[in-house]
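Below is one structure, written out as structure tokens; comments come after it.
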Amino acid sequence: MAEQLRAVRGMHDILPPTSAHWAWLERQVYDLLTAYGYRELRTPLLESSALFQRSIGEVTDIVEKEMYSFADRGGDDLSLRPEGTASCVRAAIEHGLLNQPQRLWYQGAMFRRERPQRGRYRQFHQIGVETFGLTGPDIDLELILLTHRLWQQLGLSAVRLEINSLGDSHERVRYRADLLSYLEQHQDALDEDSQRRMVTNPLRVLDSKNPAMQSLIAGAPTLLDYLGEESKAHFAALCAGLDRAEVAYQINPRLVRGLDYYNRTVFEWITASLGAQGTICAGGRYDGLVEQLGGRPTPAVGFAMGLERLLELIPKAQLHHAERALHPDLYLIAVGAKAEAEALVLAERLRSQCPTLQLLCHCGGGSFKSQFKKADRSGATAALVLGDQELAAGTIGYKPLRADAQQQPLALASLGETLPALLKSTQKDEI
Ligand code: HAM
């Protein structure tokens, strides 16, 4: 036998019935974003590596260690996108979308070569939202309220909101100097990564996940103490908005995020129920990025949520409900040469007459008994039974599969009219 090939480590197939959970979740988010006036943008999975180096930052885990980068056959340095913000900004500049405010969203696979574990994959899926051209804390608040509403709709309970302000770049310059001298005083206690980052990008030291570094990080100066009046007012207005909307939050002065483009507001929605990978949604403001990537200065703020993590948190009952969409209404059984020849044509006629009908046609022949078994396994509400005898009489059998009821003949000529009501009443009787 030939050697069996497997999916790449950290990348997963999504099979039924789980794929129905995904479709349901995507639909929920789609409906909510549309209701808030956001419009979808789709960008390529591959971009030039320079886009991510210039936006996420050279000295970040993502760019230093996690990108899937390669030279293509023409020698171009390309990367599979590790996130969606950079692509979204590139596309918005390239297509001239930024001469008016924009509320955009995207979804799809992202790629990071991290060590796979629960909640952390090498191909994972985000739905992200990016807004452009809006400066005030009101849009920051809208984004947080939108996510809060989504958690409620999805039935999530144990999620908490952490927020922080990273100030503006000139405020961070002052902070950076003080942080650097603090780190220099404690240089001996820094691990190898942090020693290196202290020189290249000291703020990234605060991002270290090494437990041995945590007390040192806790003692470092706090960026919030360095904010100027405008940054402070922006942050205070966001907090006041959250208070007014009665959304609970914690200010976490150590929240710096793992990507370099942020300024002012940053936030994360976190759960304790998923182990170490507890951030289900994260984002913030990135007012400098559009200009940094060659556009005109444009304020921006957004977030992205990880769908794998969200799906783990959604109550099982909700997901079970979503699986029902996989069950057909009807399973069409046909036995006998004439009936089998007629079945698919009849099915097409029914589909034209009842466009929302979920109809599964048996293919491959077999006895009534074996076809009924398959009808039952399909989860269908009822079977339509066509034999040569029924066909000659101009009828078809209707047999509920989940309710206690006899098979009854229905006139073929008026099937399109009788079926919908009959199905509805059978579904009510289901046991
Ligand atoms: P991020 O924090 O890198 O931010 O990712 C956002 C979310 O994606 C995380 O909170 C998590 O739920 C999910 N995620 C990230 N990495 C993985 C992984 N390896 N496996 C599974 N899920 C993962 C960004 O990507 C920014 N672009 C967010 C943003 C948009 N900021 C402003 N606009």
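Identifiers in the structure tokens: chain A, B, ... in order shown; residue index from 1 per chain; ligand index from 1 in order shown.
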Checklist line | Cys354 in chain A environment, 9 Å, only C-alpha atoms, sequence neighbours closer than 3 positions dropped, as a PyMOL selection string | finding: chain A and resi 349-351+357+416-417+419-420
Next, the residues of the selection above should be written as an mmCIF file, in the first residue's frame with C-alpha atoms.
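out_6.cif, written as the output of this step:
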data_model
loop_
_atom_site.group_PDB
_atom_site.id
_atom_site.type_symbol
_atom_site.label_atom_id
_atom_site.label_comp_id
_atom_site.auth_asym_id
_atom_site.auth_seq_id
_atom_site.Cartn_x
_atom_site.Cartn_y
_atom_site.Cartn_z
ATOM 1 C CA ARG A 349 -39.338 19.301 -10.131
ATOM 2 C CA LEU A 350 -39.875 19.400 -6.373
ATOM 3 C CA ARG A 351 -36.788 21.564 -5.864
ATOM 4 C CA LEU A 357 -36.806 22.097 0.703
ATOM 5 C CA GLY A 416 -45.351 20.564 -4.580
ATOM 6 C CA GLU A 417 -48.447 22.043 -2.914
ATOM 7 C CA LEU A 419 -45.648 18.644 0.929
ATOM 8 C CA PRO A 420 -44.649 21.849 2.765
#
Could you go through range 130-357 of chain A and tell me which residues DSSP, when run on the backbone, assigns to helix (DSSP H, G or I), listing them as a PDB file with C-alpha atoms, in the first residue's frame?
ATOM      1  CA  PRO A 137     -13.182  56.982  21.527  1.00  0.00           C
ATOM      2  CA  ASP A 138     -16.772  56.473  20.295  1.00  0.00           C
ATOM      3  CA  ILE A 139     -15.688  54.032  17.592  1.00  0.00           C
ATOM      4  CA  ASP A 140     -13.426  52.165  20.068  1.00  0.00           C
ATOM      5  CA  LEU A 141     -16.522  51.831  22.247  1.00  0.00           C
ATOM      6  CA  GLU A 142     -18.703  50.672  19.348  1.00  0.00           C
ATOM      7  CA  LEU A 143     -16.281  47.858  18.573  1.00  0.00           C
ATOM      8  CA  ILE A 144     -16.260  46.659  22.157  1.00  0.00           C
ATOM      9  CA  LEU A 145     -20.057  46.879  22.445  1.00  0.00           C
ATOM     10  CA  LEU A 146     -20.405  44.925  19.211  1.00  0.00           C
ATOM     11  CA  THR A 147     -18.242  42.089  20.535  1.00  0.00           C
ATOM     12  CA  HIS A 148     -20.058  42.181  23.867  1.00  0.00           C
ATOM     13  CA  ARG A 149     -23.375  41.745  22.057  1.00  0.00           C
ATOM     14  CA  LEU A 150     -21.923  38.877  20.046  1.00  0.00           C
ATOM     15  CA  TRP A 151     -20.863  36.987  23.199  1.00  0.00           C
ATOM     16  CA  GLN A 152     -24.387  37.377  24.540  1.00  0.00           C
ATOM     17  CA  GLN A 153     -25.909  36.079  21.317  1.00  0.00           C
ATOM     18  CA  LEU A 154     -23.555  33.113  21.236  1.00  0.00           C
ATOM     19  CA  SER A 169       4.406  57.443  19.829  1.00  0.00           C
ATOM     20  CA  HIS A 170       6.015  60.509  21.470  1.00  0.00           C
ATOM     21  CA  GLU A 171       4.676  59.347  24.858  1.00  0.00           C
ATOM     22  CA  ARG A 172       6.104  55.918  24.239  1.00  0.00           C
ATOM     23  CA  VAL A 173       9.522  57.427  23.426  1.00  0.00           C
ATOM     24  CA  ARG A 174       9.699  58.896  26.964  1.00  0.00           C
ATOM     25  CA  TYR A 175       8.404  55.657  28.440  1.00  0.00           C
ATOM     26  CA  ARG A 176      10.824  53.594  26.407  1.00  0.00           C
ATOM     27  CA  ALA A 177      13.792  55.491  27.847  1.00  0.00           C
ATOM     28  CA  ASP A 178      12.668  54.901  31.449  1.00  0.00           C
ATOM     29  CA  LEU A 179      11.788  51.272  30.738  1.00  0.00           C
ATOM     30  CA  LEU A 180      15.213  50.767  29.209  1.00  0.00           C
ATOM     31  CA  SER A 181      17.032  52.079  32.253  1.00  0.00           C
ATOM     32  CA  TYR A 182      14.845  49.860  34.490  1.00  0.00           C
ATOM     33  CA  LEU A 183      15.701  46.824  32.336  1.00  0.00           C
ATOM     34  CA  GLU A 184      19.394  47.730  32.348  1.00  0.00           C
ATOM     35  CA  GLN A 185      19.339  47.757  36.149  1.00  0.00           C
ATOM     36  CA  GLN A 187      19.823  42.938  33.095  1.00  0.00           C
ATOM     37  CA  ASP A 188      21.160  39.861  34.920  1.00  0.00           C
ATOM     38  CA  ALA A 189      17.627  38.635  35.585  1.00  0.00           C
ATOM     39  CA  GLU A 192      18.047  35.516  26.528  1.00  0.00           C
ATOM     40  CA  ASP A 193      15.074  36.680  24.430  1.00  0.00           C
ATOM     41  CA  SER A 194      14.497  39.689  26.656  1.00  0.00           C
ATOM     42  CA  GLN A 195      18.211  40.649  26.679  1.00  0.00           C
ATOM     43  CA  ARG A 196      18.005  40.826  22.907  1.00  0.00           C
ATOM     44  CA  ARG A 197      14.696  42.661  22.876  1.00  0.00           C
ATOM     45  CA  MET A 198      15.902  45.142  25.447  1.00  0.00           C
ATOM     46  CA  VAL A 199      18.233  46.433  22.747  1.00  0.00           C
ATOM     47  CA  THR A 200      15.957  46.098  19.702  1.00  0.00           C
ATOM     48  CA  PRO A 202      12.260  47.092  24.920  1.00  0.00           C
ATOM     49  CA  LEU A 203       8.424  47.202  25.021  1.00  0.00           C
ATOM     50  CA  ARG A 204       8.395  43.654  23.705  1.00  0.00           C
ATOM     51  CA  VAL A 205      10.073  42.512  26.951  1.00  0.00           C
ATOM     52  CA  LEU A 206       6.718  43.198  28.663  1.00  0.00           C
ATOM     53  CA  ASP A 207       5.190  40.685  26.274  1.00  0.00           C
ATOM     54  CA  PRO A 211       7.044  32.815  34.183  1.00  0.00           C
ATOM     55  CA  ALA A 212      10.510  33.598  35.568  1.00  0.00           C
ATOM     56  CA  MET A 213      10.242  37.103  34.083  1.00  0.00           C
ATOM     57  CA  GLN A 214       6.838  38.002  35.456  1.00  0.00           C
ATOM     58  CA  SER A 215       7.840  39.619  38.761  1.00  0.00           C
ATOM     59  CA  LEU A 216      10.464  41.705  36.993  1.00  0.00           C
ATOM     60  CA  ILE A 217       7.839  42.812  34.469  1.00  0.00           C
ATOM     61  CA  ALA A 218       5.395  43.627  37.266  1.00  0.00           C
ATOM     62  CA  LEU A 223       3.006  53.233  30.337  1.00  0.00           C
ATOM     63  CA  LEU A 224      -0.296  54.630  31.640  1.00  0.00           C
ATOM     64  CA  ASP A 225       1.725  57.016  33.847  1.00  0.00           C
ATOM     65  CA  TYR A 226       3.312  58.544  30.745  1.00  0.00           C
ATOM     66  CA  GLU A 229      -3.623  64.971  28.218  1.00  0.00           C
ATOM     67  CA  GLU A 230      -5.180  63.879  24.911  1.00  0.00           C
ATOM     68  CA  SER A 231      -4.385  60.204  25.324  1.00  0.00           C
ATOM     69  CA  LYS A 232      -5.637  60.328  28.890  1.00  0.00           C
ATOM     70  CA  ALA A 233      -8.897  61.985  27.815  1.00  0.00           C
ATOM     71  CA  HIS A 234      -9.392  59.421  25.045  1.00  0.00           C
ATOM     72  CA  PHE A 235      -8.929  56.557  27.472  1.00  0.00           C
ATOM     73  CA  ALA A 236     -11.135  58.161  30.143  1.00  0.00           C
ATOM     74  CA  ALA A 237     -13.938  58.663  27.592  1.00  0.00           C
ATOM     75  CA  LEU A 238     -13.742  55.019  26.562  1.00  0.00           C
ATOM     76  CA  CYS A 239     -13.904  53.889  30.194  1.00  0.00           C
ATOM     77  CA  ALA A 240     -16.858  56.224  30.845  1.00  0.00           C
ATOM     78  CA  GLY A 241     -18.661  54.808  27.784  1.00  0.00           C
ATOM     79  CA  LEU A 242     -18.139  51.264  29.003  1.00  0.00           C
ATOM     80  CA  ASP A 243     -19.458  52.271  32.432  1.00  0.00           C
ATOM     81  CA  ARG A 244     -22.540  53.855  30.864  1.00  0.00           C
ATOM     82  CA  LEU A 289      -0.137  52.251  10.290  1.00  0.00           C
ATOM     83  CA  VAL A 290      -1.813  53.617   7.162  1.00  0.00           C
ATOM     84  CA  GLU A 291       0.860  56.302   6.843  1.00  0.00           C
ATOM     85  CA  GLN A 292       3.608  53.802   7.644  1.00  0.00           C
ATOM     86  CA  LEU A 307     -12.962  31.140  15.610  1.00  0.00           C
ATOM     87  CA  GLU A 308     -11.442  27.878  16.918  1.00  0.00           C
ATOM     88  CA  ARG A 309     -11.333  29.332  20.425  1.00  0.00           C
ATOM     89  CA  LEU A 310     -14.827  30.801  20.160  1.00  0.00           C
ATOM     90  CA  LEU A 311     -16.260  27.478  19.014  1.00  0.00           C
ATOM     91  CA  GLU A 312     -14.800  25.734  22.043  1.00  0.00           C
ATOM     92  CA  LEU A 313     -16.608  28.182  24.306  1.00  0.00           C
ATOM     93  CA  LYS A 316     -22.953  22.526  23.300  1.00  0.00           C
ATOM     94  CA  ALA A 317     -26.745  22.984  23.128  1.00  0.00           C
ATOM     95  CA  GLN A 318     -26.318  25.941  20.749  1.00  0.00           C
ATOM     96  CA  LEU A 319     -24.051  23.907  18.494  1.00  0.00           C
ATOM     97  CA  HIS A 320     -26.343  20.909  18.605  1.00  0.00           C
ATOM     98  CA  HIS A 321     -29.100  23.157  17.368  1.00  0.00           C
ATOM     99  CA  ALA A 322     -26.849  24.201  14.474  1.00  0.00           C
ATOM    100  CA  GLU A 323     -26.395  20.555  13.486  1.00  0.00           C
ATOM    101  CA  ARG A 324     -30.080  20.253  12.693  1.00  0.00           C
ATOM    102  CA  ALA A 325     -29.400  22.158   9.509  1.00  0.00           C
ATOM    103  CA  LEU A 326     -27.526  19.054   8.344  1.00  0.00           C
ATOM    104  CA  ALA A 337     -36.594   0.262 -13.010  1.00  0.00           C
ATOM    105  CA  LYS A 338     -39.200   2.914 -13.862  1.00  0.00           C
ATOM    106  CA  ALA A 339     -39.232   4.506 -10.422  1.00  0.00           C
ATOM    107  CA  GLU A 340     -35.428   4.724 -10.307  1.00  0.00           C
ATOM    108  CA  ALA A 341     -35.373   6.307 -13.767  1.00  0.00           C
ATOM    109  CA  GLU A 342     -37.981   8.872 -12.691  1.00  0.00           C
ATOM    110  CA  ALA A 343     -36.669   9.719  -9.190  1.00  0.00           C
ATOM    111  CA  LEU A 344     -34.069  12.395  -9.927  1.00  0.00           C
ATOM    112  CA  VAL A 345     -36.341  14.150 -12.420  1.00  0.00           C
ATOM    113  CA  LEU A 346     -39.134  14.216  -9.852  1.00  0.00           C
ATOM    114  CA  ALA A 347     -36.675  15.577  -7.278  1.00  0.00           C
ATOM    115  CA  GLU A 348     -35.681  18.410  -9.616  1.00  0.00           C
ATOM    116  CA  ARG A 349     -39.338  19.301 -10.131  1.00  0.00           C
ATOM    117  CA  LEU A 350     -39.875  19.400  -6.373  1.00  0.00           C
ATOM    118  CA  ARG A 351     -36.788  21.564  -5.864  1.00  0.00           C
ATOM    119  CA  SER A 352     -38.137  24.068  -8.375  1.00  0.00           C
ATOM    120  CA  GLN A 353     -41.543  24.119  -6.694  1.00  0.00           C
TER     121      GLN A 353
END
Sorted by chain and rising residue number, which residues of chain A lie within 8 Å of ligand 1, and what are their closest atom pairs and distances in Å to one decimal, counting only C-alpha atoms and all ligand atoms, as a Markdown table?
| residue | atom | partner | partner_atom_place_in_ligand_line | distance |
| --- | --- | --- | --- | --- |
| A:Pro82 | CA | ligand 1 | 25 (O) | 7.3 |
| A:Glu83 | CA | ligand 1 | 25 (O) | 4.5 |
| A:Gly84 | CA | ligand 1 | 27 (N) | 5.3 |
| A:Thr85 | CA | ligand 1 | 27 (N) | 4.6 |
| A:Ala86 | CA | ligand 1 | 27 (N) | 7.4 |
| A:Phe111 | CA | ligand 1 | 19 (N) | 7.3 |
| A:Arg112 | CA | ligand 1 | 19 (N) | 5.8 |
| A:Arg113 | CA | ligand 1 | 19 (N) | 7.6 |
| A:Glu114 | CA | ligand 1 | 19 (N) | 6.1 |
| A:Pro116 | CA | ligand 1 | 19 (N) | 7.4 |
| A:Gly119 | CA | ligand 1 | 21 (C) | 5.2 |
| A:Arg120 | CA | ligand 1 | 20 (N) | 3.4 |
| A:Tyr121 | CA | ligand 1 | 20 (N) | 4.0 |
| A:Arg122 | CA | ligand 1 | 19 (N) | 5.5 |
| A:Gln123 | CA | ligand 1 | 20 (N) | 6.9 |
| A:Phe124 | CA | ligand 1 | 21 (C) | 5.0 |
| A:His125 | CA | ligand 1 | 22 (N) | 6.7 |
| A:Gln126 | CA | ligand 1 | 8 (O) | 5.8 |
| A:Gly128 | CA | ligand 1 | 30 (C) | 5.8 |
| A:Val129 | CA | ligand 1 | 30 (C) | 6.3 |
| A:Glu130 | CA | ligand 1 | 33 (N) | 5.6 |
| A:Arg257 | CA | ligand 1 | 2 (O) | 6.7 |
| A:Gly258 | CA | ligand 1 | 3 (O) | 6.6 |
| A:Leu259 | CA | ligand 1 | 3 (O) | 7.0 |
| A:Tyr262 | CA | ligand 1 | 32 (C) | 7.7 |
| A:Glu268 | CA | ligand 1 | 10 (O) | 7.0 |
| A:Trp269 | CA | ligand 1 | 10 (O) | 7.6 |
| A:Gln277 | CA | ligand 1 | 11 (C) | 7.7 |
| A:Gly278 | CA | ligand 1 | 12 (O) | 7.6 |
| A:Thr279 | CA | ligand 1 | 10 (O) | 4.5 |
| A:Ile280 | CA | ligand 1 | 12 (O) | 3.7 |
| A:Cys281 | CA | ligand 1 | 10 (O) | 4.1 |
| A:Ala282 | CA | ligand 1 | 10 (O) | 4.7 |
| A:Gly283 | CA | ligand 1 | 31 (N) | 3.6 |
| A:Gly284 | CA | ligand 1 | 32 (C) | 5.0 |
| A:Arg285 | CA | ligand 1 | 32 (C) | 6.5 |
| A:Tyr286 | CA | ligand 1 | 32 (C) | 7.0 |
| A:Val301 | CA | ligand 1 | 32 (C) | 5.8 |
| A:Gly302 | CA | ligand 1 | 33 (N) | 3.5 |
| A:Phe303 | CA | ligand 1 | 30 (C) | 3.5 |
| A:Ala304 | CA | ligand 1 | 28 (C) | 4.4 |
| A:Met305 | CA | ligand 1 | 7 (C) | 4.5 |
| A:Gly306 | CA | ligand 1 | 12 (O) | 3.4 |
| A:Leu307 | CA | ligand 1 | 12 (O) | 6.9 |
| A:Glu308 | CA | ligand 1 | 21 (C) | 6.2 |
| A:Arg309 | CA | ligand 1 | 12 (O) | 6.0 |
| A:Leu310 | CA | ligand 1 | 12 (O) | 7.6 |
Next item on the list: Could you tell me how far CA of Leu32 in chain A lies from CA of Leu15 in chain A, in Å and to one decimal?
Entry: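 CA of Leu15 in chain A lies 25.4 Å from CA of Leu32 in chain A.
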Checklist line | Secondary structure check, strand (DSSP E) residues of range 170-315 of chain A, as a list in words | finding: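 Across range 170-315 of chain A, those assigned strand (DSSP E) are Gln250, Ile251, Asn263, Arg264, Thr265, Val266, Phe267, Glu268, Trp269, Ile270, Thr271, Thr279, Ile280, Cys281, Ala282, Gly283, Gly284, Arg285, Ala300, Val301, Gly302, Phe303, Ala304, Met305 and Gly306 of chain A.
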Item checked: Residue contacts of range 36-43 of chain A (10 Å, only C-alpha atoms) excluding same-chain residues fewer than 3 positions away, as a PyMOL selection string -> chain A and resi 30-33+46-47+81+84+87-88+90-92+102-108+128-131+142-143+146
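With only C-alpha atoms as the atoms that count, the residue of A:Leu274, A:Leu293, A:Met1, A:Ala220 with the shortest distance to Tyr261 in chain A is A:Leu293.
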Margin query: Need to verify the contact set: range 250-253 of chain A, 9 Å, only C-alpha atoms, exclusion of same-chain residues closer than 4 positions in sequence. Can you return it as a ChimeraX atom specification?
Written below: /A:160-166,222-224
Print the selection's residues with all heavy atoms to a file, as a PDB file, in the first residue's frame.
ATOM      1  N   ARG A 160     -14.050  37.882  30.088  1.00  0.00           N
ATOM      2  CA  ARG A 160     -13.839  39.189  30.706  1.00  0.00           C
ATOM      3  C   ARG A 160     -13.034  40.090  29.778  1.00  0.00           C
ATOM      4  O   ARG A 160     -12.294  39.608  28.902  1.00  0.00           O
ATOM      5  CB  ARG A 160     -13.177  39.052  32.069  1.00  0.00           C
ATOM      6  CG  ARG A 160     -11.793  38.500  32.051  1.00  0.00           C
ATOM      7  CD  ARG A 160     -11.113  38.642  33.426  1.00  0.00           C
ATOM      8  NE  ARG A 160      -9.693  38.766  33.226  1.00  0.00           N
ATOM      9  CZ  ARG A 160      -8.899  37.742  32.966  1.00  0.00           C
ATOM     10  NH1 ARG A 160      -9.387  36.528  32.892  1.00  0.00           N
ATOM     11  NH2 ARG A 160      -7.606  37.944  32.767  1.00  0.00           N
ATOM     12  N   LEU A 161     -13.209  41.389  29.970  1.00  0.00           N
ATOM     13  CA  LEU A 161     -12.592  42.377  29.083  1.00  0.00           C
ATOM     14  C   LEU A 161     -11.428  43.061  29.797  1.00  0.00           C
ATOM     15  O   LEU A 161     -11.592  43.567  30.909  1.00  0.00           O
ATOM     16  CB  LEU A 161     -13.652  43.419  28.701  1.00  0.00           C
ATOM     17  CG  LEU A 161     -13.196  44.641  27.919  1.00  0.00           C
ATOM     18  CD1 LEU A 161     -12.655  44.257  26.539  1.00  0.00           C
ATOM     19  CD2 LEU A 161     -14.352  45.644  27.767  1.00  0.00           C
ATOM     20  N   GLU A 162     -10.269  43.066  29.163  1.00  0.00           N
ATOM     21  CA  GLU A 162      -9.132  43.838  29.679  1.00  0.00           C
ATOM     22  C   GLU A 162      -8.815  44.947  28.687  1.00  0.00           C
ATOM     23  O   GLU A 162      -8.800  44.703  27.477  1.00  0.00           O
ATOM     24  CB  GLU A 162      -7.902  42.944  29.847  1.00  0.00           C
ATOM     25  CG  GLU A 162      -8.048  41.957  30.985  1.00  0.00           C
ATOM     26  CD  GLU A 162      -6.731  41.272  31.343  1.00  0.00           C
ATOM     27  OE1 GLU A 162      -5.704  41.539  30.693  1.00  0.00           O
ATOM     28  OE2 GLU A 162      -6.770  40.451  32.286  1.00  0.00           O
ATOM     29  N   ILE A 163      -8.565  46.147  29.210  1.00  0.00           N
ATOM     30  CA  ILE A 163      -8.218  47.259  28.316  1.00  0.00           C
ATOM     31  C   ILE A 163      -6.986  47.991  28.838  1.00  0.00           C
ATOM     32  O   ILE A 163      -6.629  47.885  30.010  1.00  0.00           O
ATOM     33  CB  ILE A 163      -9.383  48.275  28.151  1.00  0.00           C
ATOM     34  CG1 ILE A 163      -9.774  48.880  29.507  1.00  0.00           C
ATOM     35  CG2 ILE A 163     -10.592  47.636  27.528  1.00  0.00           C
ATOM     36  CD1 ILE A 163     -10.785  50.009  29.381  1.00  0.00           C
ATOM     37  N   ASN A 164      -6.361  48.720  27.936  1.00  0.00           N
ATOM     38  CA  ASN A 164      -5.205  49.532  28.328  1.00  0.00           C
ATOM     39  C   ASN A 164      -5.036  50.625  27.281  1.00  0.00           C
ATOM     40  O   ASN A 164      -5.652  50.561  26.210  1.00  0.00           O
ATOM     41  CB  ASN A 164      -3.951  48.644  28.387  1.00  0.00           C
ATOM     42  CG  ASN A 164      -2.763  49.360  29.026  1.00  0.00           C
ATOM     43  OD1 ASN A 164      -2.938  50.320  29.790  1.00  0.00           O
ATOM     44  ND2 ASN A 164      -1.557  48.911  28.713  1.00  0.00           N
ATOM     45  N   SER A 165      -4.221  51.611  27.606  1.00  0.00           N
ATOM     46  CA  SER A 165      -3.860  52.589  26.584  1.00  0.00           C
ATOM     47  C   SER A 165      -2.353  52.576  26.419  1.00  0.00           C
ATOM     48  O   SER A 165      -1.607  52.594  27.408  1.00  0.00           O
ATOM     49  CB  SER A 165      -4.316  53.997  26.975  1.00  0.00           C
ATOM     50  OG  SER A 165      -3.817  54.911  26.007  1.00  0.00           O
ATOM     51  N   LEU A 166      -1.908  52.522  25.162  1.00  0.00           N
ATOM     52  CA  LEU A 166      -0.470  52.535  24.882  1.00  0.00           C
ATOM     53  C   LEU A 166       0.003  53.950  24.544  1.00  0.00           C
ATOM     54  O   LEU A 166       1.155  54.143  24.155  1.00  0.00           O
ATOM     55  CB  LEU A 166      -0.151  51.603  23.711  1.00  0.00           C
ATOM     56  CG  LEU A 166      -0.515  50.132  23.888  1.00  0.00           C
ATOM     57  CD1 LEU A 166      -0.084  49.333  22.667  1.00  0.00           C
ATOM     58  CD2 LEU A 166       0.142  49.566  25.135  1.00  0.00           C
ATOM     59  N   THR A 222       5.040  51.926  34.399  1.00  0.00           N
ATOM     60  CA  THR A 222       3.775  51.668  33.708  1.00  0.00           C
ATOM     61  C   THR A 222       3.526  52.742  32.657  1.00  0.00           C
ATOM     62  O   THR A 222       3.569  53.935  32.963  1.00  0.00           O
ATOM     63  CB  THR A 222       2.632  51.692  34.746  1.00  0.00           C
ATOM     64  OG1 THR A 222       2.919  50.690  35.699  1.00  0.00           O
ATOM     65  CG2 THR A 222       1.301  51.424  34.115  1.00  0.00           C
ATOM     66  N   LEU A 223       3.234  52.310  31.457  1.00  0.00           N
ATOM     67  CA  LEU A 223       3.006  53.233  30.337  1.00  0.00           C
ATOM     68  C   LEU A 223       1.870  54.219  30.614  1.00  0.00           C
ATOM     69  O   LEU A 223       1.938  55.388  30.220  1.00  0.00           O
ATOM     70  CB  LEU A 223       2.734  52.402  29.070  1.00  0.00           C
ATOM     71  CG  LEU A 223       2.571  53.072  27.725  1.00  0.00           C
ATOM     72  CD1 LEU A 223       3.648  54.112  27.471  1.00  0.00           C
ATOM     73  CD2 LEU A 223       2.604  52.035  26.629  1.00  0.00           C
ATOM     74  N   LEU A 224       0.850  53.747  31.346  1.00  0.00           N
ATOM     75  CA  LEU A 224      -0.296  54.630  31.640  1.00  0.00           C
ATOM     76  C   LEU A 224       0.151  55.920  32.339  1.00  0.00           C
ATOM     77  O   LEU A 224      -0.468  56.972  32.171  1.00  0.00           O
ATOM     78  CB  LEU A 224      -1.311  53.902  32.530  1.00  0.00           C
ATOM     79  CG  LEU A 224      -2.352  53.016  31.845  1.00  0.00           C
ATOM     80  CD1 LEU A 224      -3.260  52.362  32.878  1.00  0.00           C
ATOM     81  CD2 LEU A 224      -3.193  53.828  30.848  1.00  0.00           C
TER      82      LEU A 224
END
Next item on the list: Quick one: pull the distance between CA of Glu64 in chain A and CA of Leu5 in chain A, Å, one decimal.
Entry: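 Computing it gives 29.6 Å between the two atoms.
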Note to self: Between CA of Ala272 in chain A and CA of Glu246 in chain A, what distance in Å does the model show, to one decimal?
What the structure shows: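 Here the two named atoms are 21.4 Å from each other.
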